[in-house]
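Engineer: First the structure, which I've put down as structure tokens, then a few questions once you've had a look.
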Amino acid sequence: MRYRFMRFPEGKGKAVTFSYDDGSKHDVRLAEIFNKHNLKCTFNLNGEALRADWDYCMSTEEAKAILDAGHEIAIHGLEHRAPGTLRSVEGIKEILDCRRELEKRYGRIIRGYAYPDGGISGFCNGATKEEVYGYLRGLDIAYARSLDEGNFNISLPDDWYDWHPTAHHGSEKIDNYIDAFLAIDRSPKGHPASDAVPLVFYVWGHSAEFSHDDSWSRIEYICGRLAGEKDVWYATNMEIYEYSKAYESLVWNAEGNMVYNPTLIDVWFDFDGKLFEVKSGQTLTLC
Ligand SMILES: [Zn+2]
């Protein structure tokens with residue numbers, strides 16, 4: 001064996017995910033567009049006190065319907081404050097109180113997070129990255145999405161507390177990025193390769209932007225272009241995180257040709273250009 005790379009469910013080498021912030025009532029229409037195209041999104045919500053002040057927020061019932069359609073709800077801070085500007089105690093309150101409120105309201109475990117207001121793009125008031133990461137870990141946060149105006153980042157994060165999207169939906173380059181992403185072939189090649197890492201196309205934004213500048217056709221177009229690809233897995237942020245962690249939890253023998261899957265998720269990988277699936281609880285000898 002020379003090279004092994006994670007593959008998404010059914011051996012797919014690419015994934016597409018979306019992340020939309022602030023819980024605007026326009027999320028309802030946006031979710032309908034995602035549903036129509038069989039796409040998955042993570043919707044990042046704030047605390048109720050802040051939401052009540054924002055008359056544009058969707059209702060709890062509307063958010064529940066979005067969850068029922070298979071999307072994710074994640075934390076976006078009790079009062080939408082950037083951790084890079086906060087003392088630890090304030091940052092902890094922002095995330096913990098928002099998490100407790102969302103978990104109570106939606107009756108599920110919620111531990112995805114999208115940094116509000118620039119998040120950790122800068123630090124002041126004594127806040128440091130080490131401190132922020134320390135309380136994210138302590139609060140059991142799985143991943144945290146950063147902001148990125150569009151640098152065509154299609155890698156899985158090596159730092160799950162600094163997950164950079166590929167592009168904002170308004171990026172002028174997004175069409176080129178989609179062309180480039182769809183053109184990449186991650187199918188098994190039948191021989192070892194050193195660069196066959198799995199890829200993720202990640203779009204973020206706010207649904208209120210589509211209403212504000214009447215640009216619903218833009219997200220319809222983006223969804224239409226990304227949807228329906230046979231070699232793409234359409235998943236929420238958390239589904240991608242949990243699948244990646246399951247892959248990392250595989251147990252190998254010293255030789256690297258026998259693998260045991262102790263997780264509850266069936267896991268796929270490319271092994272010297274051939275696809276393998278190791279089911280939950282299974283031990284597999286590869287060669
Ligand atoms: Zn926000």
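Just so we're on the same page: first chain in the structure tokens is A, next is B, and so on; residues restart at 1 for each chain, and ligands are numbered from 1 in the order they show up.
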Can you work out which residues are within 10 Å of ligand 1, considering only C-alpha atoms and all ligand atoms, and then hand them over as a list in words?

Structural biologist: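 Using only C-alpha atoms and all ligand atoms, I find these residues within 10 Å of ligand 1: Tyr20, Asp21, Asp22, Gly23, Ser24, Asn44, Leu45, Asn46, His76, Gly77, Glu79, His80, Arg81, Ala82, Ala114, Tyr115, Pro116, Asp117, Gly118, Gly119, Gly205 and His206 of chain A.
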
Engineer: Near stretch 248-259 of chain A, within 7 Å and counting only C-alpha atoms, which residues show up once chain neighbours fewer than 6 positions away are dropped, as JSON, numbers by chain?

Structural biologist: {"A": [283, 284, 285, 286, 287]}

Engineer: Quick one: residues within 8 Å of stretch 86-88 of chain A, only C-alpha atoms counted, chain neighbours fewer than 2 positions away excluded, as a ChimeraX atom specification?

Structural biologist: /A:81-84,90-92,124-127,131-132,135

Engineer: I need the residues from that last selection saved to file as a tab-separated table (two decimals), in the first residue's frame (with C-alpha atoms), if you can.

Structural biologist:
chain	number	residue	atom	x	y	z
A	81	ARG	CA	-20.84	38.82	19.27
A	82	ALA	CA	-17.39	38.01	17.86
A	83	PRO	CA	-15.30	35.82	20.22
A	84	GLY	CA	-12.14	37.62	19.11
A	90	GLU	CA	-18.39	36.58	27.80
A	91	GLY	CA	-17.46	34.26	24.94
A	92	ILE	CA	-18.47	31.23	26.99
A	124	CYS	CA	-8.68	42.63	21.07
A	125	ASN	CA	-9.61	43.19	24.72
A	126	GLY	CA	-7.16	40.48	25.73
A	127	ALA	CA	-8.87	37.69	23.78
A	131	GLU	CA	-8.40	31.03	24.90
A	132	VAL	CA	-11.22	30.88	22.34
A	135	TYR	CA	-13.57	27.23	25.65

Engineer: Using DSSP on the backbone coordinates, identify all residues within stretch 83-165 of chain A classified as alpha helix (DSSP H); present the result as an mmCIF file with C-alpha atoms, in the first residue's frame.

Structural biologist:
data_model
loop_
_atom_site.group_PDB
_atom_site.id
_atom_site.type_symbol
_atom_site.label_atom_id
_atom_site.label_comp_id
_atom_site.auth_asym_id
_atom_site.auth_seq_id
_atom_site.Cartn_x
_atom_site.Cartn_y
_atom_site.Cartn_z
ATOM 1 C CA SER A 88 -13.475 34.332 27.933
ATOM 2 C CA VAL A 89 -16.401 34.567 30.336
ATOM 3 C CA GLU A 90 -18.386 36.585 27.795
ATOM 4 C CA GLY A 91 -17.464 34.262 24.935
ATOM 5 C CA ILE A 92 -18.472 31.231 26.995
ATOM 6 C CA LYS A 93 -21.838 32.827 27.809
ATOM 7 C CA GLU A 94 -22.407 33.672 24.128
ATOM 8 C CA ILE A 95 -21.958 30.074 23.026
ATOM 9 C CA LEU A 96 -23.216 28.110 26.034
ATOM 10 C CA ASP A 97 -26.439 30.089 26.518
ATOM 11 C CA CYS A 98 -27.188 29.982 22.779
ATOM 12 C CA ARG A 99 -26.502 26.247 22.700
ATOM 13 C CA ARG A 100 -28.718 25.512 25.715
ATOM 14 C CA GLU A 101 -31.542 27.583 24.286
ATOM 15 C CA LEU A 102 -31.401 25.991 20.830
ATOM 16 C CA GLU A 103 -31.114 22.455 22.247
ATOM 17 C CA LYS A 104 -34.124 23.019 24.487
ATOM 18 C CA ARG A 105 -36.201 24.542 21.723
ATOM 19 C CA TYR A 106 -35.384 21.968 19.065
ATOM 20 C CA LYS A 129 -7.014 32.265 19.786
ATOM 21 C CA GLU A 130 -5.781 29.814 22.433
ATOM 22 C CA GLU A 131 -8.399 31.029 24.904
ATOM 23 C CA VAL A 132 -11.217 30.878 22.344
ATOM 24 C CA TYR A 133 -10.211 27.370 21.256
ATOM 25 C CA GLY A 134 -9.960 26.341 24.913
ATOM 26 C CA TYR A 135 -13.568 27.226 25.651
ATOM 27 C CA LEU A 136 -14.843 25.883 22.318
ATOM 28 C CA ARG A 137 -13.362 22.526 23.366
ATOM 29 C CA GLY A 138 -14.744 22.853 26.883
#

Engineer: Counting only C-alpha atoms, which of A:Ala49, A:Ala167, A:Val232, A:Val203 gets nearest to A:Gly13?

Structural biologist: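 Going through A:Ala49, A:Ala167, A:Val232, A:Val203 one by one, the smallest distance to A:Gly13 is for A:Val232.
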
Engineer: Taking the DSSP assignment computed from this structure's backbone, write out as a ChimeraX atom specification all residues of stretch 177-228 of chain A that belong to strand (DSSP E or B).

Structural biologist: /A:199-205

Engineer: Between atom CA of A:Ile154 and atom CA of A:Gly273, what is the distance in Å, rounded to a tenth?

Structural biologist: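 Between atom CA of A:Ile154 and atom CA of A:Gly273 the gap is 21.1 Å.
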
Engineer: Give the answer as one residue: which of A:Ala144, A:Ser207, A:Phe152, A:Ala65 has the shortest atom-to-atom distance to A:Glu172, using only C-alpha atoms?

Structural biologist: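 Using only C-alpha atoms, A:Glu172 sits closest to A:Phe152.
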
Engineer: Could you tell me how far atom CA of A:Phe34 lies from atom CA of A:Trp160, in Å and to one decimal?

Structural biologist: 24.5 Å

Engineer: Residues at most 7 Å from A:Tyr234, counting only C-alpha atoms, excluding those fewer than 4 positions away in the same chain, as a PyMOL selection string?

Structural biologist: chain A and resi 15-17+39-40

Engineer: Would you mind exporting the chosen residues as a PDB file, in the first residue's frame, restricted to C-alpha atoms?

Structural biologist:
ATOM      1  CA  ALA A  15     -19.061  17.040  -1.187  1.00  0.00           C
ATOM      2  CA  VAL A  16     -21.152  20.213  -1.336  1.00  0.00           C
ATOM      3  CA  THR A  17     -22.449  22.047   1.721  1.00  0.00           C
ATOM      4  CA  LEU A  39     -29.088  20.017  -1.211  1.00  0.00           C
ATOM      5  CA  LYS A  40     -28.272  20.279   2.502  1.00  0.00           C
TER       6      LYS A  40
END

Engineer: Please indicate the distance in Å from atom CA of A:Tyr243 to atom CA of A:Phe43, rounded to one decimal place.

Structural biologist: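 Computed distance, atom CA of A:Tyr243 to atom CA of A:Phe43, equals 19.1 Å.
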
Engineer: Determine, counting only C-alpha atoms, which protein, DNA and RNA residues have an atom within 10 Å of an atom of stretch 168-171 of chain A; residues of the same chain fewer than 6 positions away are not included. Present the result as a compact mmCIF listing (two decimals) with N, CA and C atoms, in the first residue's frame.

Structural biologist:
# COMPACT_ATOMS: atom_id res chain seq x y z
N PHE A 18 -23.71 23.97 2.46
CA PHE A 18 -24.08 25.38 2.55
C PHE A 18 -24.19 25.78 4.01
N SER A 19 -24.01 27.08 4.29
CA SER A 19 -24.10 27.59 5.65
C SER A 19 -24.69 29.00 5.60
N TYR A 20 -25.89 29.17 6.21
CA TYR A 20 -26.56 30.48 6.16
C TYR A 20 -26.84 31.00 7.56
N LEU A 147 -15.00 33.08 8.37
CA LEU A 147 -15.46 33.79 7.18
C LEU A 147 -14.37 33.78 6.12
N ASP A 148 -14.82 33.83 4.88
CA ASP A 148 -13.88 33.90 3.79
C ASP A 148 -14.62 34.51 2.61
N GLU A 149 -14.05 35.52 2.03
CA GLU A 149 -14.74 36.20 0.94
C GLU A 149 -14.59 35.46 -0.39
N GLY A 150 -13.85 34.36 -0.37
CA GLY A 150 -13.79 33.58 -1.59
C GLY A 150 -12.39 33.36 -2.10
N ASN A 151 -11.73 32.36 -1.58
CA ASN A 151 -10.38 32.03 -2.04
C ASN A 151 -10.33 30.64 -2.64
N TYR A 177 -15.33 29.07 -9.93
CA TYR A 177 -15.03 28.10 -8.89
C TYR A 177 -15.86 26.82 -9.10
N TYR A 202 -18.07 24.77 -0.43
CA TYR A 202 -18.78 25.28 0.73
C TYR A 202 -19.22 26.72 0.47
N VAL A 203 -20.54 26.93 0.35
CA VAL A 203 -21.10 28.26 0.07
C VAL A 203 -21.74 28.82 1.34
N TRP A 204 -21.50 30.10 1.64
CA TRP A 204 -22.12 30.70 2.81
C TRP A 204 -22.76 32.05 2.45
N GLY A 205 -23.60 32.53 3.38
CA GLY A 205 -24.22 33.85 3.18
C GLY A 205 -25.36 34.07 4.16
N HIS A 206 -26.24 35.01 3.79
CA HIS A 206 -27.43 35.32 4.59
C HIS A 206 -28.61 35.34 3.62
N GLU A 209 -30.03 38.60 2.20
CA GLU A 209 -29.38 39.28 1.06
C GLU A 209 -30.17 39.07 -0.23
N PHE A 210 -30.78 37.90 -0.38
CA PHE A 210 -31.54 37.62 -1.62
C PHE A 210 -32.79 38.48 -1.69
N SER A 215 -32.20 39.00 -5.40
CA SER A 215 -31.25 38.16 -6.15
C SER A 215 -31.53 36.67 -5.92
N ARG A 218 -30.03 34.20 -8.23
CA ARG A 218 -28.61 33.85 -8.09
C ARG A 218 -28.45 32.53 -7.33
N ILE A 219 -29.16 32.41 -6.21
CA ILE A 219 -28.99 31.17 -5.44
C ILE A 219 -29.67 30.01 -6.17
N ILE A 222 -26.99 28.96 -8.59
CA ILE A 222 -25.87 28.26 -7.94
C ILE A 222 -26.29 26.84 -7.54

Engineer: Could you list, with a cut-off of 12 Å and counting only C-alpha atoms, the residues of stretch 226-255 of chain A near stretch 182-194 of chain A, each shown with its nearest atom pair and the distance in Å rounded to one decimal, rows sorted by chain and ascending number, as CSV?

Structural biologist:
residue,atom,partner,partner_atom,distance
A:Leu226,CA,A:Leu182,CA,7.9
A:Ala227,CA,A:Leu182,CA,10.5
A:Gly228,CA,A:Leu182,CA,11.2
A:Glu229,CA,A:Leu182,CA,8.4
A:Lys230,CA,A:Leu182,CA,10.7
A:Asp231,CA,A:Ser187,CA,7.7
A:Val232,CA,A:Leu182,CA,9.0

Engineer: Keeping C-alpha atoms for every residue in the selection just given, could you write it to a file as a CSV table (one decimal), in the first residue's frame?

Structural biologist:
chain,number,residue,atom,x,y,z
A,226,LEU,CA,-24.1,22.2,-8.0
A,227,ALA,CA,-27.0,19.8,-7.7
A,228,GLY,CA,-27.5,16.3,-9.1
A,229,GLU,CA,-23.8,15.3,-9.6
A,230,LYS,CA,-23.3,11.6,-9.2
A,231,ASP,CA,-19.8,12.0,-7.7
A,232,VAL,CA,-20.9,14.6,-5.1

Engineer: Got a sec: who's within 8 Å of stretch 5-7 of chain A, counting only C-alpha atoms, leaving out chain neighbours fewer than 3 positions off, as a list in words?

Structural biologist: Glu10, Gly11, Lys12, Gly13, Lys14, Ala196, Val197, Pro198, Ser244, Tyr247, Val267, Trp268, Phe269, Asp270 and Phe271 of chain A

Engineer: Using only C-alpha atoms, which residues sit within 9 Å of stretch 68-70 of chain A once same-chain residues fewer than 2 positions away are excluded, as a PyMOL selection string?

Structural biologist: chain A and resi 31+35+40-41+63-66+72+236
